[in-house]
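Asks: File upload_17.pdb below, PDB, C-alpha atoms, pLDDT in the B column:
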```pdb
MODEL        1
ATOM      1  CA  MET A1177      -2.059 -12.311   3.499  1.00 56.00           C
ATOM      2  CA  PRO A1178      -0.123 -10.910   6.430  1.00 58.00           C
ATOM      3  CA  LEU A1179       3.535 -10.080   5.974  1.00 62.00           C
ATOM      4  CA  LEU A1180       4.575 -10.823   9.530  1.00 59.00           C
ATOM      5  CA  LEU A1181       2.708 -14.033  10.388  1.00 63.00           C
ATOM      6  CA  LEU A1182       3.196 -13.295  14.105  1.00 69.00           C
ATOM      7  CA  LYS A1183       0.264 -12.261  16.231  1.00 71.00           C
ATOM      8  CA  ASP A1184       2.278 -11.675  19.389  1.00 79.00           C
ATOM      9  CA  LEU A1185       5.524  -9.776  18.979  1.00 82.00           C
ATOM     10  CA  PRO A1186       8.576 -10.782  20.996  1.00 81.00           C
ATOM     11  CA  ARG A1187       9.304  -8.703  24.079  1.00 85.00           C
ATOM     12  CA  TYR A1188      12.329  -6.427  23.967  1.00 84.00           C
ATOM     13  CA  GLU A1189      14.037  -8.557  26.581  1.00 84.00           C
ATOM     14  CA  CYS A1190      13.752 -11.582  24.267  1.00 87.00           C
ATOM     15  CA  LEU A1191      15.363  -9.585  21.481  1.00 86.00           C
ATOM     16  CA  LEU A1192      18.232  -8.676  23.817  1.00 84.00           C
ATOM     17  CA  GLU A1193      18.746 -12.393  24.545  1.00 85.00           C
ATOM     18  CA  ALA A1194      18.605 -13.278  20.854  1.00 87.00           C
ATOM     19  CA  ALA A1195      21.239 -10.623  20.121  1.00 85.00           C
ATOM     20  CA  LYS A1196      23.689 -12.620  22.251  1.00 87.00           C
ATOM     21  CA  GLU A1197      23.384 -15.505  19.808  1.00 88.00           C
ATOM     22  CA  PHE A1198      23.079 -13.331  16.685  1.00 90.00           C
ATOM     23  CA  PRO A1199      25.377 -10.298  17.042  1.00 87.00           C
ATOM     24  CA  ALA A1200      23.955  -8.682  13.887  1.00 88.00           C
ATOM     25  CA  LEU A1201      20.555  -8.438  15.605  1.00 88.00           C
ATOM     26  CA  ASP A1202      19.982  -4.850  16.713  1.00 89.00           C
ATOM     27  CA  PRO A1203      17.186  -5.216  19.312  1.00 90.00           C
ATOM     28  CA  SER A1204      15.714  -1.721  18.933  1.00 89.00           C
ATOM     29  CA  ALA A1205      15.830  -1.879  15.105  1.00 90.00           C
ATOM     30  CA  THR A1206      14.203  -5.309  15.162  1.00 89.00           C
ATOM     31  CA  GLU A1207      11.529  -4.138  17.586  1.00 88.00           C
ATOM     32  CA  VAL A1208      10.631  -1.162  15.369  1.00 89.00           C
ATOM     33  CA  PHE A1209      10.695  -3.308  12.230  1.00 90.00           C
ATOM     34  CA  LEU A1210       8.366  -5.935  13.729  1.00 90.00           C
ATOM     35  CA  HIS A1211       5.943  -3.256  14.955  1.00 89.00           C
ATOM     36  CA  LEU A1212       5.996  -1.638  11.497  1.00 91.00           C
ATOM     37  CA  LEU A1213       5.095  -4.942   9.837  1.00 89.00           C
ATOM     38  CA  ARG A1214       2.412  -5.718  12.419  1.00 89.00           C
ATOM     39  CA  ALA A1215       0.821  -2.265  12.047  1.00 91.00           C
ATOM     40  CA  GLY A1216       0.944  -2.601   8.261  1.00 91.00           C
ATOM     41  CA  ASP A1217      -0.746  -5.990   8.446  1.00 90.00           C
ATOM     42  CA  GLU A1218      -3.529  -4.569  10.604  1.00 91.00           C
ATOM     43  CA  ALA A1219      -4.040  -1.554   8.324  1.00 92.00           C
ATOM     44  CA  PHE A1220      -4.159  -3.911   5.326  1.00 91.00           C
ATOM     45  CA  ARG A1221      -6.691  -6.127   7.135  1.00 91.00           C
ATOM     46  CA  ILE A1222      -8.980  -3.200   7.888  1.00 94.00           C
ATOM     47  CA  VAL A1223      -8.987  -2.074   4.248  1.00 93.00           C
ATOM     48  CA  GLU A1224      -9.321  -5.638   2.952  1.00 93.00           C
ATOM     49  CA  LEU A1225     -12.423  -6.291   5.104  1.00 94.00           C
ATOM     50  CA  HIS A1226     -14.093  -3.194   3.703  1.00 95.00           C
ATOM     51  CA  LEU A1227     -13.210  -3.980   0.087  1.00 95.00           C
ATOM     52  CA  ALA A1228     -14.484  -7.538   0.505  1.00 94.00           C
ATOM     53  CA  GLN A1229     -17.912  -6.093   1.292  1.00 95.00           C
ATOM     54  CA  HIS A1230     -17.821  -4.692  -2.261  1.00 94.00           C
ATOM     55  CA  GLU A1231     -16.409  -7.937  -3.697  1.00 92.00           C
ATOM     56  CA  ILE A1232     -13.148  -6.335  -4.765  1.00 94.00           C
ATOM     57  CA  THR A1233      -9.535  -7.115  -3.898  1.00 93.00           C
ATOM     58  CA  GLN A1234      -6.755  -4.711  -2.924  1.00 91.00           C
ATOM     59  CA  GLY A1235      -5.068  -5.255  -6.303  1.00 92.00           C
ATOM     60  CA  ARG A1236      -8.186  -4.455  -8.310  1.00 94.00           C
ATOM     61  CA  PHE A1237      -8.912  -1.475  -6.087  1.00 95.00           C
ATOM     62  CA  GLY A1238      -5.364  -0.200  -6.670  1.00 93.00           C
ATOM     63  CA  VAL A1239      -5.796  -0.402 -10.444  1.00 94.00           C
ATOM     64  CA  MET A1240      -9.126   1.412 -10.263  1.00 94.00           C
ATOM     65  CA  MET A1241      -7.627   4.114  -8.031  1.00 93.00           C
ATOM     66  CA  ALA A1242      -4.721   4.596 -10.459  1.00 92.00           C
ATOM     67  CA  LEU A1243      -7.243   5.086 -13.263  1.00 92.00           C
ATOM     68  CA  TRP A1244      -9.488   7.332 -11.173  1.00 89.00           C
ATOM     69  CA  GLY A1245      -6.556   9.472 -10.110  1.00 76.00           C
ATOM     70  CA  ASN A1246      -5.485  10.050 -13.693  1.00 72.00           C
ATOM     71  CA  CYS A1247      -7.812  12.976 -14.334  1.00 55.00           C
ATOM     72  CA  GLN A1248      -7.359  15.444 -17.163  1.00 41.00           C
ATOM     73  CA  ARG A1249      -9.113  18.218 -15.246  1.00 38.00           C
ATOM     74  CA  ALA A1250      -9.477  19.101 -11.583  1.00 43.00           C
ATOM     75  CA  ASP A1251     -13.171  18.121 -11.593  1.00 47.00           C
ATOM     76  CA  CYS A1252     -12.241  14.534 -12.609  1.00 49.00           C
ATOM     77  CA  ASP A1253     -15.110  14.244 -15.076  1.00 54.00           C
ATOM     78  CA  ASN A1254     -12.762  12.947 -17.729  1.00 55.00           C
ATOM     79  CA  GLU A1255     -10.081  10.414 -16.837  1.00 60.00           C
ATOM     80  CA  MET A1256      -7.334   9.735 -19.320  1.00 74.00           C
ATOM     81  CA  PRO A1257      -6.940   6.020 -20.033  1.00 84.00           C
ATOM     82  CA  LEU A1258      -3.605   4.407 -19.218  1.00 89.00           C
ATOM     83  CA  THR A1259      -1.727   1.630 -20.939  1.00 88.00           C
ATOM     84  CA  PRO A1260      -1.232  -1.620 -19.016  1.00 90.00           C
ATOM     85  CA  ALA A1261       2.487  -0.758 -18.743  1.00 90.00           C
ATOM     86  CA  GLU A1262       1.649   2.616 -17.164  1.00 90.00           C
ATOM     87  CA  LEU A1263      -0.747   0.901 -14.762  1.00 92.00           C
ATOM     88  CA  ALA A1264       1.946  -1.613 -13.796  1.00 92.00           C
ATOM     89  CA  ASP A1265       4.370   1.235 -13.065  1.00 91.00           C
ATOM     90  CA  ARG A1266       1.832   3.211 -11.025  1.00 90.00           C
ATOM     91  CA  THR A1267       0.679   0.259  -8.941  1.00 90.00           C
ATOM     92  CA  GLY A1268       4.069  -1.386  -8.485  1.00 89.00           C
ATOM     93  CA  VAL A1269       3.139  -4.776  -9.908  1.00 90.00           C
ATOM     94  CA  THR A1270       4.374  -6.721 -12.916  1.00 90.00           C
ATOM     95  CA  ARG A1271       2.828  -6.355 -16.338  1.00 90.00           C
ATOM     96  CA  ALA A1272       1.643  -9.954 -16.148  1.00 91.00           C
ATOM     97  CA  THR A1273      -0.162  -9.190 -12.885  1.00 92.00           C
ATOM     98  CA  ILE A1274      -1.746  -6.083 -14.420  1.00 93.00           C
ATOM     99  CA  THR A1275      -3.028  -8.167 -17.311  1.00 93.00           C
ATOM    100  CA  GLY A1276      -4.816 -10.496 -14.887  1.00 94.00           C
ATOM    101  CA  LEU A1277      -6.221  -7.642 -12.811  1.00 94.00           C
ATOM    102  CA  VAL A1278      -7.464  -5.774 -15.881  1.00 94.00           C
ATOM    103  CA  ASP A1279      -8.980  -8.974 -17.320  1.00 95.00           C
ATOM    104  CA  THR A1280     -10.970  -9.493 -14.110  1.00 95.00           C
ATOM    105  CA  LEU A1281     -12.040  -5.840 -13.896  1.00 96.00           C
ATOM    106  CA  GLU A1282     -13.079  -5.863 -17.548  1.00 95.00           C
ATOM    107  CA  ARG A1283     -15.196  -9.023 -17.088  1.00 96.00           C
ATOM    108  CA  ALA A1284     -16.898  -7.289 -14.141  1.00 95.00           C
ATOM    109  CA  GLY A1285     -17.677  -4.269 -16.332  1.00 96.00           C
ATOM    110  CA  LEU A1286     -15.538  -1.925 -14.211  1.00 95.00           C
ATOM    111  CA  VAL A1287     -12.898  -1.052 -16.814  1.00 94.00           C
ATOM    112  CA  THR A1288     -12.725  -1.109 -20.557  1.00 93.00           C
ATOM    113  CA  ARG A1289      -9.875  -1.668 -22.989  1.00 91.00           C
ATOM    114  CA  THR A1290      -9.761   0.469 -26.108  1.00 88.00           C
ATOM    115  CA  PRO A1291      -7.157   0.893 -28.842  1.00 85.00           C
ATOM    116  CA  HIS A1292      -4.559   3.494 -27.857  1.00 77.00           C
ATOM    117  CA  PRO A1293      -5.297   6.800 -29.610  1.00 76.00           C
ATOM    118  CA  GLU A1294      -1.709   7.242 -30.859  1.00 78.00           C
ATOM    119  CA  ASP A1295      -0.537   3.645 -31.349  1.00 77.00           C
ATOM    120  CA  ARG A1296      -3.223   1.172 -32.402  1.00 76.00           C
ATOM    121  CA  ARG A1297      -0.936  -1.762 -31.509  1.00 81.00           C
ATOM    122  CA  MET A1298      -1.335  -0.776 -27.860  1.00 83.00           C
ATOM    123  CA  MET A1299      -4.395  -0.791 -25.648  1.00 88.00           C
ATOM    124  CA  SER A1300      -5.603   1.807 -23.183  1.00 89.00           C
ATOM    125  CA  VAL A1301      -7.519   0.986 -20.008  1.00 93.00           C
ATOM    126  CA  GLY A1302     -10.153   3.295 -18.554  1.00 91.00           C
ATOM    127  CA  LEU A1303     -12.867   3.192 -15.911  1.00 93.00           C
ATOM    128  CA  THR A1304     -16.436   2.546 -16.987  1.00 93.00           C
ATOM    129  CA  PRO A1305     -19.365   4.445 -15.448  1.00 93.00           C
ATOM    130  CA  ARG A1306     -19.965   1.335 -13.337  1.00 94.00           C
ATOM    131  CA  GLY A1307     -16.321   1.448 -12.162  1.00 94.00           C
ATOM    132  CA  ASN A1308     -16.653   5.124 -11.259  1.00 92.00           C
ATOM    133  CA  LYS A1309     -19.852   4.376  -9.327  1.00 94.00           C
ATOM    134  CA  LEU A1310     -18.213   1.542  -7.403  1.00 95.00           C
ATOM    135  CA  LEU A1311     -15.366   3.844  -6.381  1.00 94.00           C
ATOM    136  CA  ALA A1312     -17.868   6.524  -5.359  1.00 93.00           C
ATOM    137  CA  ASP A1313     -19.590   3.898  -3.180  1.00 94.00           C
ATOM    138  CA  ILE A1314     -16.329   2.647  -1.631  1.00 95.00           C
ATOM    139  CA  MET A1315     -14.430   5.873  -1.014  1.00 94.00           C
ATOM    140  CA  PRO A1316     -16.444   7.520   1.802  1.00 95.00           C
ATOM    141  CA  GLU A1317     -16.148   4.505   4.103  1.00 95.00           C
ATOM    142  CA  HIS A1318     -12.563   3.903   2.942  1.00 95.00           C
ATOM    143  CA  PHE A1319     -11.594   7.414   4.059  1.00 95.00           C
ATOM    144  CA  ARG A1320     -13.559   7.060   7.311  1.00 96.00           C
ATOM    145  CA  ARG A1321     -11.602   3.903   8.135  1.00 95.00           C
ATOM    146  CA  MET A1322      -8.290   5.644   7.439  1.00 94.00           C
ATOM    147  CA  ALA A1323      -9.262   8.529   9.697  1.00 96.00           C
ATOM    148  CA  TRP A1324     -10.461   6.137  12.421  1.00 97.00           C
ATOM    149  CA  LEU A1325      -7.190   4.201  12.371  1.00 95.00           C
ATOM    150  CA  MET A1326      -5.071   7.363  12.566  1.00 96.00           C
ATOM    151  CA  ASP A1327      -7.335   9.086  15.114  1.00 97.00           C
ATOM    152  CA  PRO A1328      -5.160   8.172  18.157  1.00 97.00           C
ATOM    153  CA  LEU A1329      -2.322  10.273  16.662  1.00 96.00           C
ATOM    154  CA  SER A1330      -2.265  14.052  17.031  1.00 97.00           C
ATOM    155  CA  GLU A1331      -1.636  16.175  13.942  1.00 97.00           C
ATOM    156  CA  SER A1332       1.951  16.697  15.096  1.00 97.00           C
ATOM    157  CA  GLU A1333       2.449  12.952  15.634  1.00 97.00           C
ATOM    158  CA  ARG A1334       1.057  12.253  12.170  1.00 97.00           C
ATOM    159  CA  LYS A1335       3.548  14.647  10.570  1.00 97.00           C
ATOM    160  CA  THR A1336       6.386  13.073  12.541  1.00 97.00           C
ATOM    161  CA  PHE A1337       5.176   9.590  11.585  1.00 96.00           C
ATOM    162  CA  VAL A1338       5.120  10.522   7.879  1.00 96.00           C
ATOM    163  CA  ARG A1339       8.608  12.026   8.187  1.00 97.00           C
ATOM    164  CA  LEU A1340       9.920   8.869   9.870  1.00 96.00           C
ATOM    165  CA  LEU A1341       8.261   6.519   7.409  1.00 95.00           C
ATOM    166  CA  THR A1342       9.685   8.577   4.541  1.00 95.00           C
ATOM    167  CA  LYS A1343      13.162   7.981   5.980  1.00 95.00           C
ATOM    168  CA  VAL A1344      12.478   4.229   6.064  1.00 93.00           C
ATOM    169  CA  LEU A1345      11.134   4.280   2.490  1.00 91.00           C
ATOM    170  CA  THR A1346      14.205   6.177   1.299  1.00 92.00           C
ATOM    171  CA  ARG A1347      16.468   3.596   2.920  1.00 91.00           C
ATOM    172  CA  ALA A1348      14.403   0.730   1.482  1.00 87.00           C
ATOM    173  CA  ALA A1349      14.968   2.145  -2.017  1.00 87.00           C
ATOM    174  CA  GLU A1350      18.740   1.808  -1.629  1.00 88.00           C
ATOM    175  CA  GLU A1351      20.564  -1.211  -2.960  1.00 75.00           C
ATOM    176  CA  PRO A1352      20.703  -4.084  -0.420  1.00 75.00           C
ATOM    177  CA  ALA A1353      24.414  -4.512  -1.229  1.00 68.00           C
ATOM    178  CA  GLN A1354      24.971  -1.307   0.760  1.00 62.00           C
ATOM    179  CA  VAL A1355      23.898  -2.973   4.033  1.00 63.00           C
ATOM    180  CA  PRO A1356      26.847  -2.860   6.443  1.00 64.00           C
ATOM    181  CA  ALA A1357      28.279  -6.161   7.724  1.00 62.00           C
ATOM    182  CA  ALA A1358      27.687  -5.192  11.351  1.00 57.00           C
ATOM    183  CA  PRO A1359      24.835  -3.050  12.634  1.00 52.00           C
ATOM    184  CA  ALA A1360      25.678   0.605  13.050  1.00 53.00           C
ATOM    185  CA  LYS A1361      25.398   1.597  16.696  1.00 54.00           C
ATOM    186  CA  ARG A1362      23.289   4.674  17.283  1.00 58.00           C
ATOM    187  CA  ALA A1363      24.851   7.578  19.114  1.00 51.00           C
ATOM    188  CA  GLY A1364      23.595   7.806  22.654  1.00 50.00           C
ATOM    189  CA  GLY A1365      22.956   4.081  23.051  1.00 50.00           C
ATOM    190  CA  SER A1366      19.681   2.192  23.080  1.00 52.00           C
ATOM    191  CA  SER A1367      16.306   3.901  23.050  1.00 51.00           C
ATOM    192  CA  ARG A1368      15.288   1.760  26.021  1.00 54.00           C
TER
ENDMDL
END
```
Once more with this new file: its structure as structure tokens, please.
Replies:
Amino acid sequence: MPLLLLKDLPRYECLLEAAKEFPALDPSATEVFLHLLRAGDEAFRIVELHLAQHEITQGRFGVMMALWGNCQRADCDNEMPLTPAELADRTGVTRATITGLVDTLERAGLVTRTPHPEDRRMMSVGLTPRGNKLLADIMPEHFRRMAWLMDPLSESERKTFVRLLTKVLTRAAEEPAQVPAAPAKRAGGSSR
């Protein structure tokens, strides 16, 4: 489901007009934010279309990737199982959500639950050979789609983009209570 729910973004001039009514609206910040959400929605859509061809959702794919990426050795022949709590932490979802995702993946024969080797009250989740095969089938096209989407950006632009997004992610991790009452004006004025 898209985060933005807007196909056409407002023009900058419209944001300037809206700022007259809502002084806290920073037109350039809002423009960047809306473009970020729109680009994220489109990237999500491209991945979702591909995963749907394999009858798997983004959430299930994320769980499988967390398990696949948990290799004991560099050759990845032997993944270490994870507990549902570890999976929830690695994928950024609740433990209740992980339970549902793992249940579905287990019914499909893509993961297995086994007693934890150190604490038999806990369960460990690992990929089955069928799960590994599905990932091996998905990954080449998945990576091709990523490369295709990022192809318009030069290597330098990609590094800058990652640096800028990292700044946004760092800010997003801060407590919302730290948001100033009025928008901070950037030195040098508007980017327009």
Asks: List the residues selected by the PyMOL selection byres ((chain A and resi 1236) around 12) in the file shown, writing them as a PyMOL selection string.
Replies: chain A and resi 1224+1227-1228+1230-1235+1237-1243+1263-1264+1267+1269+1273-1282+1284+1286-1287+1303+1307+1310-1311
Asks: Pick from A:Arg1320, A:Tyr1188, A:Val1301, A:Met1256: nearest to Leu1201 in chain A, with all atoms listed in the file counted?
Replies: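 Between A:Arg1320, A:Tyr1188, A:Val1301, A:Met1256, the residue approaching Leu1201 in chain A most closely is A:Tyr1188.
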Asks: Work out how far apart CA of Pro1260 in chain A and CA of Val1223 in chain A are and give it in Å to one decimal.
Replies: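 About the pair CA of Pro1260 in chain A and CA of Val1223 in chain A: they are 24.5 Å apart.
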Asks: At most 12 Å from (12.4, -3.9, 15.9), file frame, only C-alpha atoms: which residues, as an NGL selection string?
Replies: :A and (1185-1192 or 1195 or 1201-1214 or 1366-1368)
Asks: Store the residues picked out above in a file with C-alpha atoms, as a PDB file, keeping the file's coordinate frame.
Replies:
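Contents of result_3.pdb, as written:
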```
ATOM      1  CA  LEU A1185       5.524  -9.776  18.979  1.00 82.00           C
ATOM      2  CA  PRO A1186       8.576 -10.782  20.996  1.00 81.00           C
ATOM      3  CA  ARG A1187       9.304  -8.703  24.079  1.00 85.00           C
ATOM      4  CA  TYR A1188      12.329  -6.427  23.967  1.00 84.00           C
ATOM      5  CA  GLU A1189      14.037  -8.557  26.581  1.00 84.00           C
ATOM      6  CA  CYS A1190      13.752 -11.582  24.267  1.00 87.00           C
ATOM      7  CA  LEU A1191      15.363  -9.585  21.481  1.00 86.00           C
ATOM      8  CA  LEU A1192      18.232  -8.676  23.817  1.00 84.00           C
ATOM      9  CA  ALA A1195      21.239 -10.623  20.121  1.00 85.00           C
ATOM     10  CA  LEU A1201      20.555  -8.438  15.605  1.00 88.00           C
ATOM     11  CA  ASP A1202      19.982  -4.850  16.713  1.00 89.00           C
ATOM     12  CA  PRO A1203      17.186  -5.216  19.312  1.00 90.00           C
ATOM     13  CA  SER A1204      15.714  -1.721  18.933  1.00 89.00           C
ATOM     14  CA  ALA A1205      15.830  -1.879  15.105  1.00 90.00           C
ATOM     15  CA  THR A1206      14.203  -5.309  15.162  1.00 89.00           C
ATOM     16  CA  GLU A1207      11.529  -4.138  17.586  1.00 88.00           C
ATOM     17  CA  VAL A1208      10.631  -1.162  15.369  1.00 89.00           C
ATOM     18  CA  PHE A1209      10.695  -3.308  12.230  1.00 90.00           C
ATOM     19  CA  LEU A1210       8.366  -5.935  13.729  1.00 90.00           C
ATOM     20  CA  HIS A1211       5.943  -3.256  14.955  1.00 89.00           C
ATOM     21  CA  LEU A1212       5.996  -1.638  11.497  1.00 91.00           C
ATOM     22  CA  LEU A1213       5.095  -4.942   9.837  1.00 89.00           C
ATOM     23  CA  ARG A1214       2.412  -5.718  12.419  1.00 89.00           C
ATOM     24  CA  SER A1366      19.681   2.192  23.080  1.00 52.00           C
ATOM     25  CA  SER A1367      16.306   3.901  23.050  1.00 51.00           C
ATOM     26  CA  ARG A1368      15.288   1.760  26.021  1.00 54.00           C
TER      27      ARG A1368
END
```
Asks: What is the CA of Ile1222 in chain A to CA of Met1326 in chain A distance in Å?
Replies: 12.2 Å
Asks: Suppose you want the space between CA of Thr1304 in chain A and CA of Ala1219 in chain A; what is it in Å?
Replies: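 Interatomic distance, CA of Thr1304 in chain A to CA of Ala1219 in chain A: 28.5 Å.
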Asks: What would range 1206-1216 of chain A look like with all heavy atoms in place, written as a compact mmCIF listing (two decimals), in the frame of the given file?
Replies:
```
# COMPACT_ATOMS: atom_id res chain seq x y z
N THR A 1206 15.10 -4.17 15.38
CA THR A 1206 14.20 -5.31 15.16
C THR A 1206 12.83 -5.05 15.76
O THR A 1206 11.80 -5.35 15.15
CB THR A 1206 14.82 -6.59 15.76
OG1 THR A 1206 16.10 -6.81 15.14
CG2 THR A 1206 13.93 -7.80 15.52
N GLU A 1207 12.82 -4.46 16.95
CA GLU A 1207 11.53 -4.14 17.59
C GLU A 1207 10.71 -3.18 16.72
O GLU A 1207 9.51 -3.41 16.48
CB GLU A 1207 11.78 -3.52 18.97
CG GLU A 1207 10.49 -3.17 19.69
CD GLU A 1207 10.73 -2.51 21.03
OE1 GLU A 1207 11.63 -1.65 21.13
OE2 GLU A 1207 9.99 -2.85 21.97
N VAL A 1208 11.33 -2.13 16.22
CA VAL A 1208 10.63 -1.16 15.37
C VAL A 1208 10.16 -1.83 14.09
O VAL A 1208 9.01 -1.65 13.65
CB VAL A 1208 11.53 0.06 15.05
CG1 VAL A 1208 10.90 0.94 13.98
CG2 VAL A 1208 11.82 0.85 16.30
N PHE A 1209 11.04 -2.63 13.48
CA PHE A 1209 10.70 -3.31 12.23
C PHE A 1209 9.49 -4.23 12.41
O PHE A 1209 8.55 -4.21 11.60
CB PHE A 1209 11.91 -4.11 11.74
CG PHE A 1209 11.70 -4.79 10.43
CD1 PHE A 1209 11.82 -4.09 9.24
CD2 PHE A 1209 11.38 -6.14 10.38
CE1 PHE A 1209 11.61 -4.72 8.02
CE2 PHE A 1209 11.17 -6.78 9.17
CZ PHE A 1209 11.30 -6.06 7.98
N LEU A 1210 9.49 -5.02 13.48
CA LEU A 1210 8.37 -5.94 13.73
C LEU A 1210 7.07 -5.17 13.99
O LEU A 1210 5.99 -5.57 13.51
CB LEU A 1210 8.68 -6.87 14.90
CG LEU A 1210 9.80 -7.89 14.64
CD1 LEU A 1210 10.14 -8.64 15.92
CD2 LEU A 1210 9.43 -8.84 13.51
N HIS A 1211 7.14 -4.07 14.72
CA HIS A 1211 5.94 -3.26 14.96
C HIS A 1211 5.44 -2.62 13.66
O HIS A 1211 4.24 -2.50 13.43
CB HIS A 1211 6.21 -2.19 16.02
CG HIS A 1211 6.07 -2.71 17.40
ND1 HIS A 1211 7.09 -3.35 18.06
CD2 HIS A 1211 5.03 -2.70 18.26
CE1 HIS A 1211 6.68 -3.71 19.26
NE2 HIS A 1211 5.43 -3.34 19.41
N LEU A 1212 6.37 -2.20 12.79
CA LEU A 1212 6.00 -1.64 11.50
C LEU A 1212 5.23 -2.67 10.66
O LEU A 1212 4.17 -2.38 10.11
CB LEU A 1212 7.24 -1.16 10.75
CG LEU A 1212 7.04 -0.65 9.33
CD1 LEU A 1212 6.20 0.63 9.32
CD2 LEU A 1212 8.40 -0.41 8.67
N LEU A 1213 5.77 -3.89 10.59
CA LEU A 1213 5.10 -4.94 9.84
C LEU A 1213 3.74 -5.28 10.44
O LEU A 1213 2.74 -5.45 9.71
CB LEU A 1213 5.96 -6.20 9.76
CG LEU A 1213 7.19 -6.15 8.89
CD1 LEU A 1213 7.89 -7.50 8.89
CD2 LEU A 1213 6.87 -5.72 7.48
N ARG A 1214 3.67 -5.38 11.74
CA ARG A 1214 2.41 -5.72 12.42
C ARG A 1214 1.36 -4.64 12.18
O ARG A 1214 0.21 -4.94 11.88
CB ARG A 1214 2.66 -5.91 13.92
CG ARG A 1214 1.46 -6.39 14.67
CD ARG A 1214 1.25 -7.90 14.41
NE ARG A 1214 0.16 -8.36 15.22
CZ ARG A 1214 -1.05 -8.64 14.74
NH1 ARG A 1214 -1.29 -8.56 13.46
NH2 ARG A 1214 -2.00 -9.04 15.53
N ALA A 1215 1.76 -3.37 12.30
CA ALA A 1215 0.82 -2.26 12.05
C ALA A 1215 0.37 -2.26 10.58
O ALA A 1215 -0.81 -2.05 10.29
CB ALA A 1215 1.46 -0.93 12.41
N GLY A 1216 1.30 -2.53 9.68
CA GLY A 1216 0.94 -2.60 8.26
C GLY A 1216 -0.04 -3.72 7.99
O GLY A 1216 -1.00 -3.55 7.22
```
